[in-house]
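Listing of model.csv, CSV, C-alpha atoms
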```csv
chain,number,residue,atom,x,y,z
A,1,MET,CA,-26.9,26.5,-62.6
A,2,VAL,CA,-28.3,24.0,-60.1
A,3,LYS,CA,-31.6,25.1,-58.5
A,4,LEU,CA,-32.1,23.7,-55.0
A,5,GLY,CA,-35.3,22.3,-53.7
A,6,ARG,CA,-34.6,23.9,-50.3
A,7,LYS,CA,-34.9,27.3,-52.0
A,8,GLN,CA,-38.6,27.2,-52.8
A,9,TYR,CA,-40.8,30.1,-51.7
A,10,LEU,CA,-44.6,30.5,-51.9
A,11,GLY,CA,-46.5,33.7,-51.1
A,12,TRP,CA,-50.1,34.7,-51.3
A,13,GLY,CA,-52.4,37.7,-50.9
A,14,LEU,CA,-56.2,38.2,-51.0
A,15,GLU,CA,-57.3,40.1,-54.0
A,16,GLY,CA,-59.4,43.3,-53.4
A,17,THR,CA,-61.0,42.7,-56.8
A,18,ALA,CA,-61.2,39.1,-57.9
A,19,GLY,CA,-58.8,38.5,-60.8
A,20,THR,CA,-56.7,41.6,-60.2
A,21,ALA,CA,-53.3,40.5,-59.0
A,22,VAL,CA,-51.9,42.0,-55.8
A,23,ALA,CA,-48.3,42.6,-54.9
A,24,ILE,CA,-46.7,39.9,-52.8
A,25,ALA,CA,-44.3,41.3,-50.2
A,26,ASN,CA,-41.6,39.5,-48.2
A,27,GLY,CA,-44.1,39.2,-45.3
A,28,ASP,CA,-46.6,37.4,-47.5
A,29,TYR,CA,-44.4,34.3,-48.0
A,30,HIS,CA,-45.2,31.4,-45.7
A,31,LEU,CA,-43.9,28.0,-44.7
A,32,VAL,CA,-45.3,25.3,-47.0
A,33,GLU,CA,-44.6,21.7,-48.0
A,34,ASP,CA,-45.1,19.6,-51.1
A,35,VAL,CA,-45.5,22.4,-53.6
A,36,SER,CA,-46.6,21.3,-57.1
A,37,VAL,CA,-47.1,23.7,-60.0
A,38,GLU,CA,-48.8,22.7,-63.3
A,39,MET,CA,-49.2,24.9,-66.3
A,40,THR,CA,-51.7,23.6,-68.9
A,41,GLY,CA,-52.5,24.9,-72.4
A,42,ASP,CA,-54.6,23.9,-75.4
A,43,GLU,CA,-52.5,22.2,-78.0
A,44,ASN,CA,-53.9,23.0,-81.4
A,45,GLU,CA,-52.7,20.6,-84.1
A,46,ARG,CA,-52.2,21.9,-87.6
A,47,VAL,CA,-52.9,19.2,-90.2
A,48,GLY,CA,-52.8,21.1,-93.5
A,49,ASN,CA,-51.7,19.0,-96.6
A,50,LEU,CA,-48.0,19.8,-97.2
A,51,GLY,CA,-47.5,17.4,-100.0
A,52,ALA,CA,-45.2,15.6,-97.6
A,53,LEU,CA,-45.4,13.1,-94.8
A,54,ASP,CA,-44.0,15.6,-92.2
A,55,GLY,CA,-46.0,17.4,-89.6
A,56,MET,CA,-46.2,21.1,-88.8
A,57,ALA,CA,-45.7,22.8,-85.4
A,58,GLY,CA,-49.0,23.3,-83.6
A,59,VAL,CA,-50.2,26.4,-81.8
A,60,THR,CA,-50.5,26.8,-78.0
A,61,GLY,CA,-53.9,28.2,-77.1
A,62,SER,CA,-55.5,29.2,-73.8
A,63,ARG,CA,-53.5,28.6,-70.6
A,64,MET,CA,-54.1,28.3,-66.9
A,65,GLY,CA,-52.3,27.1,-63.8
A,66,THR,CA,-52.9,24.7,-60.9
A,67,ILE,CA,-50.8,24.9,-57.8
A,68,SER,CA,-51.0,22.5,-54.8
A,69,PHE,CA,-49.2,22.8,-51.4
A,70,THR,CA,-49.6,22.0,-47.7
A,71,THR,CA,-49.6,24.3,-44.7
A,72,GLU,CA,-49.5,23.5,-41.0
A,73,LEU,CA,-52.7,23.9,-38.9
A,74,ARG,CA,-51.9,26.8,-36.6
A,75,GLY,CA,-53.2,30.1,-35.3
A,76,GLY,CA,-51.8,33.6,-35.5
A,77,GLY,CA,-49.9,33.2,-32.2
A,78,VAL,CA,-50.4,36.7,-30.8
A,79,THR,CA,-53.3,39.1,-30.4
A,80,GLY,CA,-54.1,41.1,-33.6
A,81,THR,CA,-52.3,38.6,-35.9
A,82,ALA,CA,-54.4,36.7,-38.3
A,83,PRO,CA,-53.7,33.0,-39.0
A,84,VAL,CA,-51.7,32.9,-42.3
A,85,ASP,CA,-54.3,30.6,-43.9
A,86,ILE,CA,-57.2,33.1,-43.7
A,87,PRO,CA,-56.9,34.3,-47.3
A,88,LEU,CA,-56.7,30.7,-48.5
A,89,TRP,CA,-59.9,29.8,-46.7
A,90,LYS,CA,-61.6,32.9,-48.2
A,91,ALA,CA,-60.5,31.8,-51.7
A,92,SER,CA,-61.9,28.3,-51.0
A,93,GLY,CA,-65.4,29.6,-50.6
A,94,PHE,CA,-65.6,30.4,-46.9
A,95,GLU,CA,-66.4,33.6,-45.0
A,96,CYS,CA,-64.3,34.7,-42.1
A,97,GLY,CA,-66.0,36.5,-39.2
A,98,GLU,CA,-63.1,38.5,-38.0
A,99,THR,CA,-62.8,40.4,-34.7
A,100,ASN,CA,-59.3,41.8,-35.1
A,101,TYR,CA,-57.8,38.4,-34.1
A,102,THR,CA,-58.0,39.1,-30.4
A,103,GLY,CA,-58.7,35.5,-29.4
A,104,THR,CA,-62.4,36.0,-29.0
A,105,GLY,CA,-63.5,33.6,-31.7
A,106,ASP,CA,-62.5,34.4,-35.3
A,107,MET,CA,-64.7,32.0,-37.3
A,108,VAL,CA,-64.4,30.5,-40.8
A,109,VAL,CA,-67.8,29.4,-42.0
A,110,ASP,CA,-69.5,28.2,-45.2
A,111,GLN,CA,-70.0,31.0,-47.6
A,112,THR,CA,-73.4,31.8,-49.1
A,113,VAL,CA,-73.5,31.6,-52.9
A,114,PRO,CA,-71.8,34.8,-54.2
A,115,THR,CA,-73.7,36.8,-56.8
A,116,THR,CA,-70.6,37.8,-58.8
A,117,SER,CA,-67.5,35.8,-58.0
A,118,ASN,CA,-65.8,34.0,-55.2
A,119,SER,CA,-63.0,35.6,-53.3
A,120,SER,CA,-59.6,34.9,-54.9
A,121,VAL,CA,-55.9,35.1,-54.1
A,122,THR,CA,-52.7,35.9,-56.0
A,123,LEU,CA,-50.1,33.1,-55.7
A,124,LYS,CA,-46.4,33.7,-56.4
A,125,TYR,CA,-44.0,30.8,-56.4
A,126,TYR,CA,-40.2,30.8,-56.7
A,127,ALA,CA,-38.2,27.7,-57.6
A,128,ASP,CA,-34.7,29.1,-56.6
A,129,GLY,CA,-34.7,32.1,-58.9
A,130,THR,CA,-37.5,31.1,-61.4
A,131,VAL,CA,-40.9,32.5,-60.7
A,132,TRP,CA,-44.5,31.6,-61.6
A,133,GLN,CA,-47.4,33.9,-60.7
A,134,PHE,CA,-51.1,33.2,-60.8
A,135,LYS,CA,-54.1,35.5,-60.1
A,136,GLY,CA,-57.8,34.9,-59.6
A,137,CYS,CA,-57.0,31.6,-57.8
A,138,THR,CA,-59.9,29.6,-56.3
A,139,GLY,CA,-59.4,26.4,-54.4
A,140,ASN,CA,-60.2,23.5,-52.2
A,141,VAL,CA,-58.7,22.2,-49.0
A,142,VAL,CA,-58.3,18.8,-47.3
A,143,VAL,CA,-57.6,19.0,-43.5
A,144,THR,CA,-55.8,16.0,-41.9
A,145,MET,CA,-55.4,15.4,-38.1
A,146,GLU,CA,-53.7,12.3,-36.7
A,147,SER,CA,-52.9,11.5,-33.1
A,148,GLY,CA,-49.4,12.6,-32.2
A,149,MET,CA,-48.9,14.6,-35.4
A,150,VAL,CA,-49.2,18.2,-36.5
A,151,GLY,CA,-52.5,19.0,-38.3
A,152,LYS,CA,-52.1,19.8,-42.0
A,153,CYS,CA,-54.1,21.6,-44.7
A,154,ALA,CA,-53.5,20.4,-48.3
A,155,TRP,CA,-54.6,23.2,-50.7
A,156,THR,CA,-55.2,23.0,-54.4
A,157,PHE,CA,-55.8,26.2,-56.4
A,158,GLN,CA,-56.7,26.9,-60.0
A,159,GLY,CA,-56.2,30.3,-61.5
A,160,GLN,CA,-55.2,32.6,-64.4
A,161,VAL,CA,-51.7,32.9,-65.5
A,162,ASN,CA,-50.6,36.4,-64.5
A,163,GLN,CA,-47.2,36.5,-66.2
A,164,GLU,CA,-44.9,34.4,-68.2
A,165,VAL,CA,-42.3,32.3,-66.3
A,166,GLN,CA,-39.4,34.5,-65.4
A,167,ASP,CA,-36.0,34.6,-63.8
A,168,ALA,CA,-36.0,36.7,-60.6
A,169,SER,CA,-34.1,37.1,-57.4
A,170,ASN,CA,-35.4,35.0,-54.5
A,171,PRO,CA,-37.5,36.8,-51.9
A,172,THR,CA,-36.3,37.3,-48.3
A,173,PRO,CA,-39.3,36.1,-46.3
A,174,SER,CA,-40.1,37.1,-42.7
A,175,TYR,CA,-41.9,33.9,-41.7
A,176,ASN,CA,-44.5,33.6,-38.9
A,177,THR,CA,-42.8,31.7,-36.1
A,178,VAL,CA,-45.8,30.2,-34.4
A,179,VAL,CA,-45.3,26.5,-33.6
A,180,PRO,CA,-48.3,24.4,-34.6
A,181,PRO,CA,-50.0,22.3,-31.9
A,182,VAL,CA,-49.8,18.5,-32.0
A,183,CYS,CA,-53.1,16.6,-32.3
A,184,GLN,CA,-53.0,15.2,-28.8
A,185,ASN,CA,-54.9,16.2,-25.6
A,186,THR,CA,-57.7,17.3,-28.0
A,187,THR,CA,-61.4,17.6,-27.0
A,188,LEU,CA,-63.3,15.5,-29.6
A,189,THR,CA,-67.1,15.0,-29.2
A,190,LEU,CA,-69.8,13.4,-31.3
A,191,ASP,CA,-73.4,14.2,-30.3
A,192,GLY,CA,-72.0,15.8,-27.1
A,193,SER,CA,-70.1,12.7,-25.9
A,194,ALA,CA,-66.3,12.4,-25.8
A,195,THR,CA,-66.1,8.7,-25.2
A,196,ASP,CA,-69.1,6.7,-26.5
A,197,PHE,CA,-68.1,6.5,-30.1
A,198,GLY,CA,-64.7,4.8,-29.5
A,199,VAL,CA,-61.1,5.9,-29.4
A,200,CYS,CA,-60.2,8.1,-32.4
A,201,LYS,CA,-56.9,7.8,-34.2
A,202,SER,CA,-57.4,10.1,-37.1
A,203,LEU,CA,-59.8,12.6,-38.6
A,204,THR,CA,-59.9,14.2,-42.1
A,205,PHE,CA,-62.1,16.7,-43.9
A,206,ASP,CA,-62.3,17.3,-47.6
A,207,MET,CA,-64.3,20.4,-48.4
A,208,GLY,CA,-65.1,18.9,-51.8
A,209,ASN,CA,-65.3,22.2,-53.8
A,210,GLU,CA,-66.2,21.6,-57.4
A,211,ILE,CA,-64.3,24.3,-59.4
A,212,THR,CA,-65.3,25.1,-63.0
A,213,ASP,CA,-62.8,26.6,-65.4
A,214,ARG,CA,-64.3,29.4,-67.4
A,215,ARG,CA,-63.1,30.0,-70.9
A,216,ASP,CA,-63.3,33.7,-72.0
A,217,MET,CA,-62.1,34.9,-75.4
A,218,SER,CA,-61.7,38.4,-74.1
A,219,GLU,CA,-59.1,37.4,-71.5
A,220,GLU,CA,-55.4,37.7,-72.3
A,221,ARG,CA,-54.7,34.0,-71.9
A,222,GLY,CA,-58.2,32.7,-72.6
A,223,TYR,CA,-59.6,32.0,-69.1
A,224,ALA,CA,-61.7,34.0,-66.7
A,225,ILE,CA,-61.6,33.5,-62.9
A,226,PRO,CA,-62.5,29.9,-61.9
A,227,ARG,CA,-65.8,29.6,-60.0
A,228,ILE,CA,-66.8,27.2,-57.2
A,229,THR,CA,-70.1,25.7,-58.4
A,230,ARG,CA,-70.8,23.1,-55.7
A,231,ARG,CA,-69.5,21.8,-52.4
A,232,LEU,CA,-69.7,18.0,-51.6
A,233,GLY,CA,-67.7,17.8,-48.4
A,234,THR,CA,-66.6,14.4,-47.1
A,235,GLY,CA,-64.4,13.0,-44.4
A,236,THR,CA,-63.1,10.0,-42.6
A,237,MET,CA,-62.5,8.9,-39.0
A,238,THR,CA,-60.6,5.9,-37.7
A,239,VAL,CA,-62.0,4.7,-34.4
A,240,GLU,CA,-61.7,1.7,-32.2
A,241,ILE,CA,-64.9,-0.4,-32.3
A,242,PRO,CA,-67.1,0.5,-29.3
A,243,ALA,CA,-69.8,-1.6,-27.8
A,244,LEU,CA,-73.2,-1.2,-29.7
A,245,SER,CA,-74.8,-0.2,-26.4
A,246,SER,CA,-72.4,2.8,-26.2
A,247,TYR,CA,-72.5,3.9,-29.9
A,248,ASP,CA,-74.1,2.0,-32.7
A,249,TRP,CA,-72.2,3.1,-35.8
A,250,ASN,CA,-74.1,0.6,-38.0
A,251,SER,CA,-77.4,2.1,-37.0
A,252,LYS,CA,-76.1,5.6,-37.7
A,253,TRP,CA,-75.2,4.5,-41.2
A,254,ARG,CA,-78.4,2.6,-42.0
A,255,ASN,CA,-80.7,5.4,-40.8
A,256,LYS,CA,-78.5,8.3,-42.1
A,257,THR,CA,-78.7,9.8,-38.6
A,258,LYS,CA,-77.1,13.2,-38.5
A,259,ILE,CA,-74.2,13.4,-36.1
A,260,ASP,CA,-72.9,16.7,-34.6
A,261,GLY,CA,-69.1,16.7,-34.3
A,262,SER,CA,-66.6,19.0,-32.6
A,263,ILE,CA,-62.9,18.9,-32.0
A,264,LEU,CA,-60.6,21.4,-30.2
A,265,VAL,CA,-56.9,21.2,-31.2
A,266,GLY,CA,-54.3,23.2,-29.2
A,267,THR,CA,-54.2,24.6,-25.7
A,268,ALA,CA,-52.4,28.0,-26.1
A,269,THR,CA,-54.4,31.2,-26.6
A,270,PHE,CA,-54.2,32.4,-30.2
A,271,ASN,CA,-53.1,28.9,-31.3
A,272,LYS,CA,-56.3,26.9,-30.7
A,273,MET,CA,-58.7,25.7,-33.4
A,274,THR,CA,-62.2,24.3,-32.9
A,275,PHE,CA,-63.8,22.5,-35.8
A,276,ALA,CA,-67.6,21.9,-35.7
A,277,TRP,CA,-69.5,19.9,-38.3
A,278,ASP,CA,-72.6,18.0,-39.2
A,279,MET,CA,-72.2,14.6,-40.8
A,280,VAL,CA,-73.9,11.4,-41.9
A,281,CYS,CA,-72.1,8.0,-42.5
A,282,THR,CA,-71.9,7.1,-46.2
A,283,SER,CA,-70.7,3.5,-46.1
A,284,ALA,CA,-71.0,0.5,-43.8
A,285,PRO,CA,-68.5,0.6,-40.8
A,286,ASN,CA,-66.7,-2.7,-41.5
A,287,PRO,CA,-64.3,-4.1,-38.9
A,288,THR,CA,-60.6,-4.0,-39.6
A,289,ASP,CA,-57.7,-5.4,-37.6
A,290,THR,CA,-55.3,-2.5,-37.1
A,291,ASP,CA,-52.1,-3.6,-35.3
A,292,GLY,CA,-54.1,-6.1,-33.3
A,293,ILE,CA,-56.9,-3.6,-32.4
A,294,MET,CA,-60.3,-3.8,-34.1
A,295,THR,CA,-61.3,-0.5,-35.7
A,296,TYR,CA,-63.8,1.1,-38.0
A,297,GLU,CA,-62.9,3.4,-40.9
A,298,ILE,CA,-65.8,5.7,-40.8
A,299,SER,CA,-66.6,7.5,-44.1
A,300,PHE,CA,-69.0,10.5,-43.9
A,301,ALA,CA,-70.5,13.3,-45.8
A,302,LEU,CA,-70.7,16.9,-44.5
A,303,VAL,CA,-74.4,17.8,-44.5
A,304,THR,CA,-76.5,20.9,-43.9
A,305,ASP,CA,-78.3,21.2,-40.6
A,306,ASN,CA,-82.1,21.4,-41.0
A,307,LEU,CA,-81.7,22.1,-44.8
A,308,ALA,CA,-80.7,25.7,-44.0
A,309,GLY,CA,-77.6,25.6,-46.1
A,310,ASN,CA,-74.2,27.2,-45.6
A,311,ASN,CA,-73.9,25.6,-42.1
A,312,THR,CA,-72.2,22.2,-42.6
A,313,PHE,CA,-68.8,23.2,-41.2
A,314,ASN,CA,-67.0,25.9,-39.3
A,315,LEU,CA,-63.6,26.5,-37.8
A,316,THR,CA,-63.0,28.9,-34.9
A,317,TYR,CA,-59.6,30.3,-34.0
A,318,THR,CA,-59.1,31.4,-30.4
```
Rendering of file as structure tokens:
Amino acid sequence: MVKLGRKQYLGWGLEGTAGTAVAIANGDYHLVEDVSVEMTGDENERVGNLGALDGMAGVTGSRMGTISFTTELRGGGVTGTAPVDIPLWKASGFECGETNYTGTGDMVVDQTVPTTSNSSVTLKYYADGTVWQFKGCTGNVVVTMESGMVGKCAWTFQGQVNQEVQDASNPTPSYNTVVPPVCQNTTLTLDGSATDFGVCKSLTFDMGNEITDRRDMSEERGYAIPRITRRLGTGTMTVEIPALSSYDWNSKWRNKTKIDGSILVGTATFNKMTFAWDMVCTSAPNPTDTDGIMTYEISFALVTDNLAGNNTFNLTYT
């Protein structure tokens, strides 16, 4: 039987108790791209002396899963409907200040260090009738915005294997129909100015979550819930080179001057997203000829404001 790439389905749900799988209903499946699933396991070699040159079959040990995919950057679309990515943000170490998704500013912010475990999601993936399921999934996200293109969020999650790979009937999803905004007519500012720093072509954020796999002999398949142990957020901007008198990128880099950034994407209520962040440049802004226009590729680190912690980045849906 041929399995079609156009019949891939991925659903997720926030776990009430981290590591306890939740049921994934048809409404929990969402539009995704570039799905990649990897199961890994310990390969225990057996090298006993057989009195022969032949080898023996090994033993598969502890197993876990990694799943990567991309979603579109978009809001809930209507009042009372949460953006579909909210559980993913929570399982990537962020808190979500929710106000019933009424368009009054539902915010995703850096999470304080949890005392027990991070929030986690259950992920269920169908490859045209073959299903993989993972629980206790914790992840990282890279956000990409480029002029004239739809914004994208590339997610990578690690988690416990919840069940063996099985045959199952494909789900019948009821997808959210909100059309994502294009990254144009945005409001982008650095240090309060929308023009001084140069024309911006693209902007990316990598939340930089460091995730530690936790071996646990008491778990059925040898792993406990992964844990986010550190966040080293980074990003890049491509800008046309401005006059030094307008914005001195080289000085910002040399002196590690903190820059306050903000960008609003989208114009329709319930489908607008505002990112705000603090950053410092991490490499010299060297000139590059891009299609005849001189540009800088700005590399930066997301940094805490006034050493307070948990305040490097936030995303507000309105």
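The space between atom CA of Lys258 of chain A and atom CA of Leu232 of chain A spans 15.8 Å.
Pairwise distance (atom CA of Met149 of chain A, atom CA of Met107 of chain A) equals 23.6 Å.
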- Choose the residue, out of A:Val2, A:Leu307, A:Leu88, A:Val265, that has the smallest atom-to-atom separation from Asp128 of chain A; count all atoms listed in the file. A:Val2
Quick one: which segment 128-199 of chain A residues come within 7 Å of segment 14-33 of chain A, and what is the nearest atom pair for each with the distance in Å to one decimal, counting all atoms listed in the file, rows ordered by chain and ascending number, as CSV?
```
residue,atom,partner,partner_atom,distance
A:Lys135,CA,A:Ala21,CA,5.2
A:Gly136,CA,A:Gly19,CA,3.9
A:Pro171,CA,A:Asn26,CA,6.1
A:Thr172,CA,A:Asn26,CA,5.7
A:Pro173,CA,A:Asn26,CA,4.5
A:Ser174,CA,A:Gly27,CA,5.2
A:Tyr175,CA,A:His30,CA,5.8
```
- Between atom CA of Val161 of chain A and atom CA of Pro87 of chain A lies a distance of 19.0 Å
- Message: What's around Asn271 of chain A at 10 Å? Count all atoms listed in the file, leave out sequence neighbours fewer than 2 positions away in its own chain, and write the answer as a PyMOL selection string.
- Response: chain A and resi 73-78+83+103+178-181+265-269+273+317-318
The centre and edge lengths of an axis-aligned box containing all atoms of segment 201-208 of chain A present in the file, extended by 5 Å on each side, are to be given in Å to one decimal, as JSON.
```
{"center_x": -61.0, "center_y": 14.1, "center_z": -43.0, "size_x": 18.2, "size_y": 22.6, "size_z": 27.6}
```
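Environment of (-67.9, 14.9, -42.0): residues at most 7 Å away, judged by only C-alpha atoms, are Phe205, Thr234, Gly235, Thr236, Trp277, Asp278, Met279, Val280, Phe300, Ala301 and Leu302 of chain A.
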Is it possible to add N, CA and C atoms to segment 60-81 of chain A and hand it back as a tab-separated table (two decimals), in the coordinates of the input?
```tsv
chain	number	residue	atom	x	y	z
A	60	THR	N	-50.05	26.81	-79.42
A	60	THR	CA	-50.50	26.80	-78.00
A	60	THR	C	-51.64	27.77	-77.84
A	61	GLY	N	-52.75	27.29	-77.27
A	61	GLY	CA	-53.90	28.20	-77.10
A	61	GLY	C	-54.04	28.65	-75.65
A	62	SER	N	-55.25	28.64	-75.13
A	62	SER	CA	-55.50	29.20	-73.80
A	62	SER	C	-54.74	28.43	-72.73
A	63	ARG	N	-54.29	29.18	-71.69
A	63	ARG	CA	-53.50	28.60	-70.60
A	63	ARG	C	-53.99	28.97	-69.27
A	64	MET	N	-53.80	28.03	-68.32
A	64	MET	CA	-54.10	28.30	-66.90
A	64	MET	C	-53.18	27.53	-66.04
A	65	GLY	N	-53.26	27.75	-64.75
A	65	GLY	CA	-52.30	27.10	-63.80
A	65	GLY	C	-53.05	26.44	-62.67
A	66	THR	N	-52.45	25.38	-62.15
A	66	THR	CA	-52.90	24.70	-60.90
A	66	THR	C	-51.70	24.59	-60.01
A	67	ILE	N	-51.90	24.94	-58.76
A	67	ILE	CA	-50.80	24.90	-57.80
A	67	ILE	C	-51.34	24.24	-56.50
A	68	SER	N	-50.60	23.26	-56.01
A	68	SER	CA	-51.00	22.50	-54.80
A	68	SER	C	-49.84	22.68	-53.77
A	69	PHE	N	-50.20	22.72	-52.49
A	69	PHE	CA	-49.20	22.80	-51.40
A	69	PHE	C	-49.88	22.51	-50.09
A	70	THR	N	-49.08	22.33	-49.07
A	70	THR	CA	-49.60	22.00	-47.70
A	70	THR	C	-49.06	22.97	-46.72
A	71	THR	N	-49.96	23.39	-45.81
A	71	THR	CA	-49.60	24.30	-44.70
A	71	THR	C	-49.87	23.54	-43.39
A	72	GLU	N	-49.25	24.03	-42.32
A	72	GLU	CA	-49.50	23.50	-41.00
A	72	GLU	C	-50.76	24.15	-40.41
A	73	LEU	N	-51.48	23.39	-39.60
A	73	LEU	CA	-52.70	23.90	-38.90
A	73	LEU	C	-52.26	24.62	-37.68
A	74	ARG	N	-52.37	25.96	-37.70
A	74	ARG	CA	-51.90	26.80	-36.60
A	74	ARG	C	-52.61	28.11	-36.57
A	75	GLY	N	-52.57	28.77	-35.42
A	75	GLY	CA	-53.20	30.10	-35.30
A	75	GLY	C	-52.22	31.20	-35.55
A	76	GLY	N	-52.66	32.43	-35.24
A	76	GLY	CA	-51.80	33.60	-35.50
A	76	GLY	C	-50.73	33.77	-34.44
A	77	GLY	N	-50.94	33.21	-33.24
A	77	GLY	CA	-49.90	33.20	-32.20
A	77	GLY	C	-49.99	34.34	-31.20
A	78	VAL	N	-50.35	35.53	-31.66
A	78	VAL	CA	-50.40	36.70	-30.80
A	78	VAL	C	-51.68	37.48	-31.13
A	79	THR	N	-52.13	38.27	-30.20
A	79	THR	CA	-53.30	39.10	-30.40
A	79	THR	C	-53.10	40.04	-31.61
A	80	GLY	N	-54.11	40.18	-32.43
A	80	GLY	CA	-54.10	41.10	-33.60
A	80	GLY	C	-53.41	40.51	-34.81
A	81	THR	N	-52.91	39.26	-34.74
A	81	THR	CA	-52.30	38.60	-35.90
A	81	THR	C	-53.16	37.54	-36.45
```
